[in-house]
file query-v1.txt (compact mmCIF, C-alpha atoms)
# COMPACT_ATOMS: atom_id res chain seq x y z
CA MET A 184 -36.07 7.49 -2.58
CA THR A 185 -33.25 9.48 -4.15
CA GLU A 186 -32.02 9.41 -7.74
CA TYR A 187 -28.33 8.63 -8.11
CA GLN A 188 -26.22 9.10 -11.23
CA LEU A 189 -23.72 6.33 -11.98
CA ARG A 190 -21.06 6.38 -14.69
CA ILE A 191 -19.93 2.81 -15.23
CA GLN A 192 -16.92 1.68 -17.19
CA ARG A 193 -18.09 -0.91 -19.73
CA TYR A 194 -15.98 -3.25 -21.82
CA ASP A 195 -17.31 -5.94 -24.07
CA PRO A 196 -14.40 -8.01 -25.42
CA GLU A 197 -16.48 -9.11 -28.41
CA GLN A 198 -17.18 -5.57 -29.56
CA ASP A 199 -14.88 -3.07 -27.88
CA ASP A 200 -11.17 -2.44 -28.23
CA THR A 201 -11.08 -0.07 -25.26
CA PRO A 202 -13.48 0.48 -22.37
CA ARG A 203 -16.22 3.10 -22.66
CA LEU A 204 -18.29 4.94 -20.07
CA GLN A 205 -22.03 4.53 -19.76
CA ARG A 206 -24.34 6.62 -17.62
CA TYR A 207 -27.24 5.24 -15.63
CA THR A 208 -29.72 6.62 -13.14
CA VAL A 209 -30.77 4.44 -10.23
CA SER A 210 -33.06 5.19 -7.37
CA GLY A 211 -32.11 4.22 -3.85
CA ASP A 212 -32.40 5.19 -0.23
CA HIS A 213 -29.86 5.57 2.56
CA THR A 214 -29.40 1.80 2.76
CA THR A 215 -28.58 1.28 -0.94
CA SER A 216 -25.05 -0.02 -1.46
CA VAL A 217 -23.08 0.25 -4.70
CA LEU A 218 -23.63 -3.48 -5.19
CA ASP A 219 -27.40 -3.11 -4.65
CA ALA A 220 -27.41 -0.35 -7.26
CA LEU A 221 -25.41 -2.41 -9.77
CA LEU A 222 -27.67 -5.44 -9.29
CA SER A 223 -30.84 -3.40 -9.67
CA LEU A 224 -29.36 -1.88 -12.86
CA GLN A 225 -28.57 -5.34 -14.18
CA GLN A 226 -32.02 -6.69 -13.34
CA GLN A 227 -34.14 -3.73 -14.41
CA GLN A 228 -32.25 -1.69 -16.98
CA ASP A 229 -29.32 -3.46 -18.59
CA PRO A 230 -28.93 -7.24 -18.34
CA THR A 231 -25.65 -7.07 -20.28
CA LEU A 232 -23.82 -5.46 -17.34
CA ALA A 233 -21.30 -8.00 -16.02
CA LEU A 234 -20.10 -7.98 -12.43
CA ARG A 235 -18.85 -10.40 -9.82
CA TRP A 236 -20.50 -10.74 -6.44
CA SER A 237 -21.63 -13.30 -3.92
CA CYS A 238 -22.24 -12.76 -0.22
CA ARG A 239 -23.34 -9.10 0.00
CA MET A 240 -21.85 -8.85 3.51
CA ALA A 241 -18.13 -8.15 3.09
CA ILE A 242 -17.11 -11.76 3.69
CA CYS A 243 -16.52 -13.24 0.24
CA GLY A 244 -14.43 -10.41 -1.22
CA SER A 245 -15.89 -10.78 -4.72
CA CYS A 246 -17.47 -7.40 -5.40
CA GLY A 247 -14.39 -5.15 -5.38
CA VAL A 248 -14.69 -2.18 -7.77
CA MET A 249 -13.18 1.28 -8.09
CA VAL A 250 -15.62 3.89 -6.77
CA ASN A 251 -14.50 7.38 -7.77
CA GLY A 252 -11.02 5.96 -8.29
CA ILE A 253 -10.72 4.29 -4.86
CA PRO A 254 -10.91 0.49 -4.48
CA LYS A 255 -14.01 -0.46 -2.48
CA LEU A 256 -16.19 -3.47 -1.78
CA GLY A 257 -19.46 -2.71 -3.56
CA CYS A 258 -21.47 -4.25 -0.73
CA LYS A 259 -19.78 -2.14 1.94
CA THR A 260 -19.96 1.18 0.10
CA PHE A 261 -23.13 3.25 0.20
CA LEU A 262 -24.50 5.68 -2.38
CA ARG A 263 -25.52 8.06 0.44
CA ASP A 264 -21.82 8.88 1.03
CA TYR A 265 -21.35 10.31 -2.47
CA ASN A 266 -22.41 13.49 -4.21
CA GLY A 267 -22.84 14.01 -7.93
CA VAL A 268 -21.99 11.39 -10.54
CA ILE A 269 -20.45 8.26 -9.02
CA ASP A 270 -17.76 6.64 -11.17
CA ILE A 271 -17.66 2.85 -11.06
CA ALA A 272 -14.80 0.98 -12.76
CA PRO A 273 -13.21 -2.47 -12.51
CA LEU A 274 -10.36 -2.92 -10.01
CA ALA A 275 -7.24 -1.10 -11.17
CA HIS A 276 -3.99 -2.91 -12.08
CA PHE A 277 -5.80 -6.05 -13.23
CA ALA A 278 -6.72 -7.02 -16.79
CA VAL A 279 -10.40 -6.41 -17.52
CA GLU A 280 -12.29 -9.44 -18.85
CA LYS A 281 -15.67 -7.77 -19.20
CA ASP A 282 -17.26 -4.66 -17.68
CA LEU A 283 -16.49 -4.83 -13.93
CA ILE A 284 -14.96 -8.32 -14.02
CA VAL A 285 -11.17 -8.52 -13.81
CA ASP A 286 -8.75 -11.40 -14.19
CA MET A 287 -7.53 -12.22 -10.67
CA THR A 288 -5.08 -14.93 -11.86
CA PRO A 289 -1.87 -12.94 -11.08
CA PHE A 290 -3.19 -12.21 -7.57
CA LEU A 291 -3.98 -15.88 -6.94
CA ALA A 292 -0.59 -16.93 -8.33
CA HIS A 293 1.15 -14.57 -5.90
CA LEU A 294 -0.90 -15.89 -3.00
CA SER A 295 0.03 -19.49 -3.73
CA ALA A 296 3.70 -18.60 -4.34
CA ILE A 297 4.28 -17.88 -0.65
CA GLN A 298 3.02 -21.35 0.41
CA PRO A 299 0.01 -20.16 2.41
CA TYR A 300 -0.43 -23.23 4.59
CA LEU A 301 1.10 -24.67 7.75
CA ILE A 302 4.43 -26.32 7.00
CA ASN A 303 5.42 -28.64 9.78
CA ASP A 304 7.85 -31.56 9.72
CA LYS A 305 6.44 -33.09 12.87
CA ASP A 306 5.06 -36.49 12.14
CA ASP A 307 2.98 -36.87 15.26
CA LYS A 308 -0.78 -36.85 15.11
CA ALA A 309 -1.12 -34.86 18.34
CA PRO A 310 -2.98 -31.55 18.00
CA HIS A 311 -0.78 -28.48 17.62
CA LYS A 312 -1.58 -26.49 20.71
CA GLN A 313 -1.42 -22.74 20.71
CA THR A 314 -1.73 -20.23 23.53
CA PRO A 315 -3.88 -17.10 23.16
CA ALA A 316 -0.66 -15.04 23.16
CA GLN A 317 0.73 -17.09 20.25
CA LEU A 318 -2.57 -16.69 18.39
CA ALA A 319 -2.54 -12.92 18.96
CA LYS A 320 0.79 -12.62 17.12
CA TYR A 321 -0.71 -13.43 13.71
CA GLN A 322 -4.48 -13.20 14.19
CA GLN A 323 -4.83 -9.71 12.71
CA PHE A 324 -3.12 -10.84 9.50
CA SER A 325 -5.32 -13.93 9.18
CA ASN A 326 -8.52 -12.00 8.48
CA CYS A 327 -7.82 -11.44 4.78
CA ILE A 328 -10.78 -12.12 2.47
CA ASN A 329 -8.68 -12.02 -0.74
CA CYS A 330 -10.73 -9.21 -2.25
CA GLY A 331 -7.71 -7.73 -4.05
CA LEU A 332 -8.50 -4.11 -3.11
CA CYS A 333 -4.96 -3.67 -1.78
CA TYR A 334 -3.54 -4.65 -5.19
CA ALA A 335 -5.77 -2.11 -6.92
CA ALA A 336 -4.51 0.51 -4.43
CA CYS A 337 -0.83 -0.41 -4.70
CA PRO A 338 1.07 1.67 -7.28
CA GLN A 339 4.09 -0.64 -6.96
CA PHE A 340 1.96 -3.59 -8.12
CA GLY A 341 0.57 -1.42 -10.91
CA LEU A 342 4.08 -0.57 -12.08
CA ASN A 343 5.49 -4.08 -11.59
CA PRO A 344 2.96 -6.94 -11.78
CA GLU A 345 5.69 -9.32 -10.58
CA PHE A 346 5.67 -7.64 -7.15
CA LEU A 347 4.20 -10.18 -4.72
CA GLY A 348 1.95 -7.46 -3.35
CA PRO A 349 0.31 -6.61 -0.03
CA ALA A 350 -2.06 -9.56 0.49
CA ALA A 351 0.49 -12.25 -0.42
CA ILE A 352 3.21 -10.79 1.81
CA THR A 353 0.69 -10.33 4.64
CA LEU A 354 -0.28 -13.97 4.23
CA ALA A 355 3.39 -14.99 4.35
CA GLN A 356 3.75 -13.02 7.59
CA ARG A 357 0.59 -14.64 8.92
CA TYR A 358 2.14 -18.12 8.53
CA ASN A 359 5.66 -17.07 9.53
CA LEU A 360 4.30 -15.72 12.82
CA ASP A 361 2.26 -18.86 13.52
CA SER A 362 3.84 -20.94 16.30
CA ARG A 363 2.65 -24.16 14.61
CA ASP A 364 4.54 -23.38 11.40
CA ASN A 365 8.15 -24.20 10.51
CA GLY A 366 8.08 -23.07 6.89
CA LYS A 367 9.61 -19.63 7.31
CA ALA A 368 12.94 -20.60 5.72
CA SER A 369 11.24 -21.67 2.48
CA ARG A 370 9.09 -18.51 2.36
CA MET A 371 12.01 -16.14 2.89
CA SER A 372 13.42 -16.74 -0.60
CA GLN A 373 10.21 -15.21 -2.00
CA LEU A 374 10.14 -12.34 0.48
CA ASN A 375 13.84 -11.42 0.19
CA GLY A 376 13.86 -10.43 -3.48
CA ASN A 377 13.00 -7.15 -5.18
CA ASN A 378 9.61 -8.59 -6.03
CA GLY A 379 9.14 -9.54 -2.38
CA ALA A 380 8.91 -7.24 0.62
CA TRP A 381 11.58 -4.86 -0.75
CA GLY A 382 9.39 -3.95 -3.72
CA CYS A 383 7.24 -1.99 -1.26
CA THR A 384 7.94 1.72 -0.68
CA PHE A 385 5.37 2.08 2.11
CA VAL A 386 2.88 4.12 0.15
CA GLY A 387 0.45 2.69 2.68
CA SER A 388 -2.67 2.95 0.52
CA CYS A 389 -3.22 -0.83 0.85
CA SER A 390 -3.96 -0.35 4.55
CA GLU A 391 -6.24 2.59 3.80
CA VAL A 392 -8.49 0.57 1.48
CA CYS A 393 -8.41 -2.79 3.31
CA PRO A 394 -12.06 -3.55 4.19
CA LYS A 395 -10.94 -5.76 7.07
CA GLN A 396 -8.40 -3.32 8.58
CA LEU A 397 -5.58 -5.85 8.37
CA ASP A 398 -2.92 -3.18 7.92
CA PRO A 399 -1.12 -5.03 5.11
CA ALA A 400 1.43 -2.19 4.84
CA ALA A 401 2.54 -2.97 8.41
CA ALA A 402 2.81 -6.68 7.57
CA VAL A 403 4.89 -5.99 4.44
CA ASN A 404 7.26 -3.73 6.34
CA GLN A 405 7.52 -6.21 9.21
CA ALA A 406 8.51 -8.71 6.52
CA LYS A 407 11.33 -6.31 5.55
CA VAL A 408 12.62 -6.49 9.13
CA GLU A 409 12.44 -10.30 8.95
CA SER A 410 14.19 -10.26 5.59
CA ALA A 411 17.01 -8.08 6.97
CA LYS A 412 17.39 -10.41 9.96
CA ASP A 413 17.41 -13.41 7.61
CA PHE A 414 20.18 -11.78 5.56
CA ILE A 415 22.37 -11.12 8.62
CA ILE A 416 21.83 -14.59 10.06
CA ASN A 417 22.78 -16.12 6.70
CA LEU A 418 26.06 -14.14 6.67
CA PHE A 419 27.19 -16.17 9.66
CA LYS A 420 26.05 -19.52 8.29
CA ILE A 421 28.63 -21.63 6.50
CA MET B 1321 -15.62 -22.19 -33.72
CA SER B 1322 -14.45 -20.11 -30.83
CA THR B 1323 -13.29 -21.84 -27.69
CA PRO B 1324 -13.46 -20.11 -24.29
CA ASP B 1325 -9.71 -19.54 -24.49
CA ASN B 1326 -9.50 -17.69 -27.78
CA ALA B 1327 -12.75 -15.84 -27.10
CA ARG B 1328 -10.96 -13.96 -24.34
CA LYS B 1329 -9.68 -10.48 -25.05
CA PRO B 1330 -8.63 -9.00 -21.70
CA TYR B 1331 -8.06 -5.25 -21.68
CA HIS B 1332 -4.81 -4.19 -19.99
CA SER B 1333 -4.85 -0.62 -18.78
CA ARG B 1334 -1.56 1.20 -18.25
CA MET B 1335 -0.63 3.48 -15.40
CA THR B 1336 -0.18 7.03 -16.57
CA ARG B 1337 2.84 9.15 -15.56
CA ASP B 1338 0.62 11.34 -13.43
CA TRP B 1339 -0.86 8.45 -11.41
CA TRP B 1340 0.37 10.07 -8.21
CA LEU B 1341 -1.61 13.26 -8.87
CA GLN B 1342 -4.92 11.45 -9.02
CA GLN B 1343 -5.44 10.77 -5.31
CA ARG B 1344 -4.76 12.79 -2.19
CA TYR B 1345 -3.18 9.76 -0.56
CA TYR B 1346 -0.67 9.33 -3.40
CA ARG B 1347 0.09 13.06 -3.40
CA LEU B 1348 0.95 12.95 0.31
CA TYR B 1349 3.16 9.92 -0.34
CA MET B 1350 5.03 11.73 -3.11
CA LEU B 1351 5.39 14.78 -0.86
CA ARG B 1352 6.98 12.53 1.77
CA GLU B 1353 9.37 11.08 -0.82
CA ALA B 1354 10.14 14.55 -2.24
CA THR B 1355 11.41 15.77 1.13
CA VAL B 1356 14.78 14.35 0.02
CA LEU B 1357 15.16 17.08 -2.63
CA PRO B 1358 15.77 20.12 -0.35
CA LEU B 1359 17.82 17.79 1.85
CA LEU B 1360 20.19 17.21 -1.10
CA PHE B 1361 20.86 20.95 -1.15
CA PHE B 1362 21.59 20.92 2.58
CA LEU B 1363 24.01 18.00 2.11
CA GLY B 1364 25.72 19.95 -0.69
CA CYS B 1365 26.17 22.89 1.73
CA LEU B 1366 27.56 20.56 4.36
CA LEU B 1367 30.12 19.05 1.97
CA TYR B 1368 31.06 22.53 0.70
CA GLY B 1369 31.56 23.60 4.35
CA LEU B 1370 33.78 20.62 5.15
CA TYR B 1371 35.84 21.21 2.01
CA SER B 1372 36.21 24.94 2.87
CA LEU B 1373 37.20 24.12 6.45
CA GLN B 1374 40.18 22.00 5.44
CA HIS B 1375 41.17 24.19 2.45
CA SER B 1376 41.97 27.67 3.80
CA GLU B 1377 40.71 30.46 5.99
CA MET B 1378 39.75 32.52 2.94
CA GLN B 1379 37.74 29.63 1.58
CA TRP B 1380 35.99 29.21 4.93
CA LEU B 1381 35.08 32.91 5.04
CA SER B 1382 33.67 32.76 1.54
CA PHE B 1383 31.64 29.68 2.58
CA ALA B 1384 30.31 31.60 5.59
CA GLN B 1385 29.36 34.46 3.28
CA PHE B 1386 27.64 32.04 0.89
CA MET B 1387 25.61 30.59 3.74
CA GLN B 1388 24.35 34.04 4.78
CA GLN B 1389 22.63 34.73 1.47
CA GLY B 1390 18.85 34.94 1.62
CA TRP B 1391 18.12 32.20 -0.91
CA VAL B 1392 20.55 29.79 0.81
CA ILE B 1393 18.89 30.42 4.18
CA ALA B 1394 15.45 29.95 2.56
CA LEU B 1395 16.43 26.64 0.93
CA ASN B 1396 17.98 25.37 4.16
CA ALA B 1397 14.86 26.41 6.09
CA LEU B 1398 12.85 24.44 3.53
CA ALA B 1399 15.17 21.46 4.09
CA LEU B 1400 14.52 21.72 7.83
CA LEU B 1401 10.75 21.84 7.34
CA ALA B 1402 10.92 18.92 4.89
CA SER B 1403 12.97 16.88 7.36
CA LEU B 1404 10.49 17.61 10.14
CA TYR B 1405 7.61 16.51 7.90
CA HIS B 1406 9.50 13.35 6.95
CA ALA B 1407 10.24 12.72 10.64
CA LYS B 1408 6.54 13.10 11.44
CA THR B 1409 5.57 10.50 8.81
CA PHE B 1410 8.44 8.19 9.77
CA PHE B 1411 7.64 8.36 13.49
CA ALA B 1412 4.00 7.55 12.77
CA LEU B 1413 4.90 4.52 10.59
CA PHE B 1414 7.59 3.11 12.89
CA PRO B 1415 5.24 1.62 15.55
CA ARG B 1416 3.44 -0.27 12.77
CA VAL B 1417 6.67 -1.84 11.54
CA MET B 1418 8.06 -2.61 15.00
CA PRO B 1419 5.14 -2.79 17.42
CA LEU B 1420 7.21 -2.69 20.62
CA ALA B 1421 4.93 -0.46 22.72
CA PRO B 1422 1.59 1.37 22.35
CA PRO B 1423 1.83 3.50 19.15
CA LEU B 1424 1.20 6.86 20.85
CA LEU B 1425 3.92 6.16 23.40
CA MET B 1426 6.36 5.25 20.63
CA VAL B 1427 5.59 8.39 18.61
CA ALA B 1428 6.01 10.61 21.71
CA GLY B 1429 9.22 8.77 22.61
CA GLN B 1430 10.72 9.40 19.17
CA TRP B 1431 9.95 13.14 19.33
CA LEU B 1432 11.41 13.34 22.83
CA ALA B 1433 14.56 11.51 21.69
CA SER B 1434 14.92 13.92 18.73
CA LEU B 1435 14.54 16.86 21.10
CA ALA B 1436 17.18 15.40 23.42
CA VAL B 1437 19.61 14.99 20.49
CA ILE B 1438 19.00 18.61 19.34
CA ILE B 1439 19.55 19.98 22.88
CA THR B 1440 22.75 17.92 23.30
CA LEU B 1441 24.10 19.13 19.94
CA LEU B 1442 23.29 22.76 20.81
CA TRP B 1443 25.01 22.30 24.19
CA LEU B 1444 28.09 20.79 22.48
CA ALA B 1445 28.13 23.70 20.03
CA GLY B 1446 28.20 26.07 22.97
CA VAL B 1447 24.80 27.63 22.49
CA SER B 1448 23.47 28.47 25.92
call {"tool": "encode", "arguments": {"input": "query-v1.txt", "output": "structure tokens"}}
result
Amino acid sequence: MTEYQLRIQRYDPEQDDTPRLQRYTVSGDHTTSVLDALLSLQQQQDPTLALRWSCRMAICGSCGVMVNGIPKLGCKTFLRDYNGVIDIAPLAHFAVEKDLIVDMTPFLAHLSAIQPYLINDKDDKAPHKQTPAQLAKYQQFSNCINCGLCYAACPQFGLNPEFLGPAAITLAQRYNLDSRDNGKASRMSQLNGNNGAWGCTFVGSCSEVCPKQLDPAAAVNQAKVESAKDFIINLFKI
Amino acid sequence: MSTPDNARKPYHSRMTRDWWLQQRYYRLYMLREATVLPLLFFLGCLLYGLYSLQHSEMQWLSFAQFMQQGWVIALNALALLASLYHAKTFFALFPRVMPLAPPLLMVAGQWLASLAVIITLLWLAGVS
């Protein structure tokens, strides 16, 4: 067992006006994840520590935190990969409710704004068939677990909270590329604006931190191509 | 009595002006964006050259003299390096935005196309 030093950003809305840092020592081995460490702290040293978690296997996307300033899933990040004091803070660019818990409401609002569901006028009850090639077009972008790490990594979202952001635009691309969907026209109005795809300057850090390797930066910039095409096509429409 | 709504006091942190200094990834991004700065100087030289060309022979000679100064050559060399770095980042990002072929093939193709353009321009300029 090894001793690890953690410096955790704490914030108690009932007592604090600004967050403060608190140091802890936890023991762990080479299998101890950041989430394991936080849970053992909460259970054995400090029951007041608040954090969000669920599956412990990088599926639910609940345990996102900043580890040494980089957004990470706590369950997929291991203490063995760090030296010295490890800084743990809530996800950047979101309002902190308590300790490591942030308010994800803006993120969820952006996700729902792009109508993330199949839009299809067809009335028939027949199944919507899809070939493997049609599936391959959007499959990569459909693996999002809504963890919000890309928003914590995106300086454009940090500077402008109205920016739809990486996950929402990736989700829009996911549905726009789906052969069973006809809703592209209604999603383009969201993507075309300054708060849509054009708010992105291809920093690319969203793709770096994505725990599912979705490459949201690619999706956002593919949406720019679609937006440009949409603009030109509309020039010729009466 | 406090209700869940008014018991909330979310803390909103602000991004500092030096946010881009705090991570290597952001620093590289800003370096990529900053490549436009030496390029502005090069564009200034280009416009000055065009103006001198249509103005008079004397003006053109003074432009040629200006361009031979050490600091002008150094800044233009910096502009060339900056453009090459920007090209490297752009060529690497392009296959992700328009996945038309395997990424490595696309990156190699873009460098080859750039080389072809440079050779053609040199040939047109009479450099043998």
call {"tool": "residues_around", "arguments": {"input": "query-v1.txt", "residues": "range 200-208 of chain A", "least_positions_apart": "6", "cutoff": "8 Å", "atoms": "only C-alpha atoms", "output": "list in words"}}
result
Glu186, Tyr187, Gln188, Leu189, Arg190, Ile191, Gln192, Arg193, Tyr194, Leu224 and Asp282 of chain A; Tyr1331 of chain B
call {"tool": "closest_atom_pairs", "arguments": {"input": "query-v1.txt", "of": "chain A", "to": "chain B", "cutoff": "9 Å", "atoms": "all atoms listed in the file", "output": "CSV"}}
result
residue,atom,partner,partner_atom,distance
A:Tyr194,CA,B:Tyr1331,CA,8.2
A:Asp195,CA,B:Lys1329,CA,8.9
A:Pro196,CA,B:Lys1329,CA,5.3
A:Glu197,CA,B:Lys1329,CA,7.7
A:Asp200,CA,B:Tyr1331,CA,7.8
A:Thr201,CA,B:Tyr1331,CA,7.0
A:Pro202,CA,B:Tyr1331,CA,7.9
A:Gly252,CA,B:Gln1343,CA,7.9
A:Ile253,CA,B:Gln1343,CA,8.4
A:Ala275,CA,B:Ser1333,CA,8.0
A:His276,CA,B:Ser1333,CA,7.1
A:Phe277,CA,B:His1332,CA,7.1
A:Ala278,CA,B:His1332,CA,4.7
A:Val279,CA,B:Tyr1331,CA,4.9
A:Glu280,CA,B:Pro1330,CA,4.7
A:Lys281,CA,B:Pro1330,CA,7.6
A:Val285,CA,B:Pro1330,CA,8.3
A:Asp286,CA,B:Pro1330,CA,7.9
A:Pro338,CA,B:Trp1339,CA,8.2
A:Gly341,CA,B:Met1335,CA,6.8
A:Leu342,CA,B:Met1335,CA,7.0
A:Phe385,CA,B:Tyr1349,CA,8.5
A:Val386,CA,B:Tyr1349,CA,5.8
A:Gly387,CA,B:Tyr1349,CA,8.3
A:Ser388,CA,B:Tyr1345,CA,6.9
A:Glu391,CA,B:Tyr1345,CA,8.9
A:Asp398,CA,B:Arg1416,CA,8.5
A:Ala400,CA,B:Arg1416,CA,8.4
A:Ala401,CA,B:Arg1416,CA,5.2
A:Ala402,CA,B:Val1417,CA,7.4
A:Val403,CA,B:Val1417,CA,8.4
A:Asn404,CA,B:Val1417,CA,5.6
A:Gln405,CA,B:Val1417,CA,5.0
A:Ala406,CA,B:Val1417,CA,8.7
A:Lys407,CA,B:Val1417,CA,8.8
A:Val408,CA,B:Val1417,CA,7.9
call {"tool": "residues_around", "arguments": {"input": "query-v1.txt", "residues": "Asp264 in chain A", "least_positions_apart": "6", "cutoff": "12 Å", "atoms": "only C-alpha atoms", "output": "PyMOL selection string"}}
result
chain A and resi 187+212-217+250-251
call {"tool": "residues_around", "arguments": {"input": "query-v1.txt", "residues": "Ile302 in chain A", "least_positions_apart": "4", "cutoff": "10 Å", "atoms": "only C-alpha atoms", "output": "list of chain:residue names"}}
result
A:Gln298, A:Tyr358, A:Asn359, A:Arg363, A:Asp364, A:Asn365, A:Gly366, A:Lys367, A:Ser369
call {"tool": "write_last_selection", "arguments": {"input": "query-v1.txt", "atoms": "C-alpha atoms", "output": "PDB file, in the frame of the given file"}}
result
ATOM      1  CA  GLN A 298       3.020 -21.350   0.410  1.00  0.00           C
ATOM      2  CA  TYR A 358       2.140 -18.120   8.530  1.00  0.00           C
ATOM      3  CA  ASN A 359       5.660 -17.070   9.530  1.00  0.00           C
ATOM      4  CA  ARG A 363       2.650 -24.160  14.610  1.00  0.00           C
ATOM      5  CA  ASP A 364       4.540 -23.380  11.400  1.00  0.00           C
ATOM      6  CA  ASN A 365       8.150 -24.200  10.510  1.00  0.00           C
ATOM      7  CA  GLY A 366       8.080 -23.070   6.890  1.00  0.00           C
ATOM      8  CA  LYS A 367       9.610 -19.630   7.310  1.00  0.00           C
ATOM      9  CA  SER A 369      11.240 -21.670   2.480  1.00  0.00           C
TER      10      SER A 369
END
call {"tool": "residues_around", "arguments": {"input": "query-v1.txt", "residues": "range 1360-1371 of chain B", "least_positions_apart": "2", "cutoff": "9 Å", "atoms": "only C-alpha atoms", "output": "MDAnalysis selection string"}}
result
chainID B and resid 1356:1358 1373:1375 1379:1380 1383:1384 1387 1392 1395:1396 1399:1400
call {"tool": "atom_distance", "arguments": {"input": "query-v1.txt", "atom1": "CA of Met240 in chain A", "atom2": "CA of Leu256 in chain A"}}
result
9.4 Å
call {"tool": "atom_distance", "arguments": {"input": "query-v1.txt", "atom1": "CA of Val209 in chain A", "atom2": "CA of Gly331 in chain A"}}
result
26.8 Å
call {"tool": "atom_distance", "arguments": {"input": "query-v1.txt", "atom1": "CA of Lys259 in chain A", "atom2": "CA of Arg1347 in chain B"}}
result
25.6 Å
call {"tool": "residues_around", "arguments": {"input": "query-v1.txt", "residues": "Gln373 in chain A", "least_positions_apart": "6", "cutoff": "10 Å", "atoms": "only C-alpha atoms", "output": "list in words"}}
result
His293, Ala296, Ile297, Gln298, Leu347, Ile352, Ala355, Gly379, Ala380 and Ser410 of chain A
call {"tool": "closest_residue", "arguments": {"input": "query-v1.txt", "among": "B:Ser1372, B:Thr1440, B:Thr1355, B:Ser1434", "to": "Leu1398 in chain B", "atoms": "all atoms listed in the file"}}
result
B:Thr1355
call {"tool": "decode", "arguments": {"input": "query-v1.txt", "residues": "range 406-421 of chain A", "atoms": "N, CA and C atoms", "output": "PDB file, in the first residue's frame"}}
result
ATOM      1  N   ALA A 406     -19.841  19.696 -38.363  1.00  0.00           N
ATOM      2  CA  ALA A 406     -21.097  20.460 -38.327  1.00  0.00           C
ATOM      3  C   ALA A 406     -20.912  21.823 -38.989  1.00  0.00           C
ATOM      4  N   LYS A 407     -19.685  22.384 -38.898  1.00  0.00           N
ATOM      5  CA  LYS A 407     -19.421  23.661 -39.579  1.00  0.00           C
ATOM      6  C   LYS A 407     -19.542  23.478 -41.092  1.00  0.00           C
ATOM      7  N   VAL A 408     -19.014  22.357 -41.593  1.00  0.00           N
ATOM      8  CA  VAL A 408     -19.107  22.075 -43.031  1.00  0.00           C
ATOM      9  C   VAL A 408     -20.589  21.976 -43.424  1.00  0.00           C
ATOM     10  N   GLU A 409     -21.362  21.261 -42.596  1.00  0.00           N
ATOM     11  CA  GLU A 409     -22.799  21.118 -42.867  1.00  0.00           C
ATOM     12  C   GLU A 409     -23.489  22.471 -42.829  1.00  0.00           C
ATOM     13  N   SER A 410     -23.087  23.295 -41.870  1.00  0.00           N
ATOM     14  CA  SER A 410     -23.696  24.623 -41.724  1.00  0.00           C
ATOM     15  C   SER A 410     -23.395  25.485 -42.945  1.00  0.00           C
ATOM     16  N   ALA A 411     -22.144  25.391 -43.450  1.00  0.00           N
ATOM     17  CA  ALA A 411     -21.772  26.164 -44.640  1.00  0.00           C
ATOM     18  C   ALA A 411     -22.571  25.688 -45.846  1.00  0.00           C
ATOM     19  N   LYS A 412     -22.724  24.364 -45.971  1.00  0.00           N
ATOM     20  CA  LYS A 412     -23.514  23.805 -47.080  1.00  0.00           C
ATOM     21  C   LYS A 412     -24.964  24.289 -46.972  1.00  0.00           C
ATOM     22  N   ASP A 413     -25.489  24.255 -45.754  1.00  0.00           N
ATOM     23  CA  ASP A 413     -26.870  24.672 -45.501  1.00  0.00           C
ATOM     24  C   ASP A 413     -27.069  26.128 -45.921  1.00  0.00           C
ATOM     25  N   PHE A 414     -26.066  26.962 -45.624  1.00  0.00           N
ATOM     26  CA  PHE A 414     -26.128  28.389 -45.973  1.00  0.00           C
ATOM     27  C   PHE A 414     -26.192  28.564 -47.493  1.00  0.00           C
ATOM     28  N   ILE A 415     -25.313  27.834 -48.205  1.00  0.00           N
ATOM     29  CA  ILE A 415     -25.256  27.979 -49.667  1.00  0.00           C
ATOM     30  C   ILE A 415     -26.535  27.462 -50.307  1.00  0.00           C
ATOM     31  N   ILE A 416     -27.010  26.325 -49.816  1.00  0.00           N
ATOM     32  CA  ILE A 416     -28.255  25.759 -50.382  1.00  0.00           C
ATOM     33  C   ILE A 416     -29.413  26.734 -50.179  1.00  0.00           C
ATOM     34  N   ASN A 417     -29.436  27.383 -48.996  1.00  0.00           N
ATOM     35  CA  ASN A 417     -30.532  28.319 -48.714  1.00  0.00           C
ATOM     36  C   ASN A 417     -30.484  29.570 -49.575  1.00  0.00           C
ATOM     37  N   LEU A 418     -29.275  29.916 -50.078  1.00  0.00           N
ATOM     38  CA  LEU A 418     -29.150  31.086 -50.967  1.00  0.00           C
ATOM     39  C   LEU A 418     -29.952  30.882 -52.246  1.00  0.00           C
ATOM     40  N   PHE A 419     -30.054  29.616 -52.666  1.00  0.00           N
ATOM     41  CA  PHE A 419     -30.724  29.329 -53.932  1.00  0.00           C
ATOM     42  C   PHE A 419     -32.183  28.944 -53.744  1.00  0.00           C
ATOM     43  N   LYS A 420     -32.619  28.947 -52.504  1.00  0.00           N
ATOM     44  CA  LYS A 420     -34.041  28.638 -52.237  1.00  0.00           C
ATOM     45  C   LYS A 420     -34.839  29.929 -52.229  1.00  0.00           C
ATOM     46  N   ILE A 421     -36.017  29.875 -52.829  1.00  0.00           N
ATOM     47  CA  ILE A 421     -36.840  31.102 -52.838  1.00  0.00           C
ATOM     48  C   ILE A 421     -37.809  31.054 -51.667  1.00  0.00           C
TER      49      ILE A 421
END
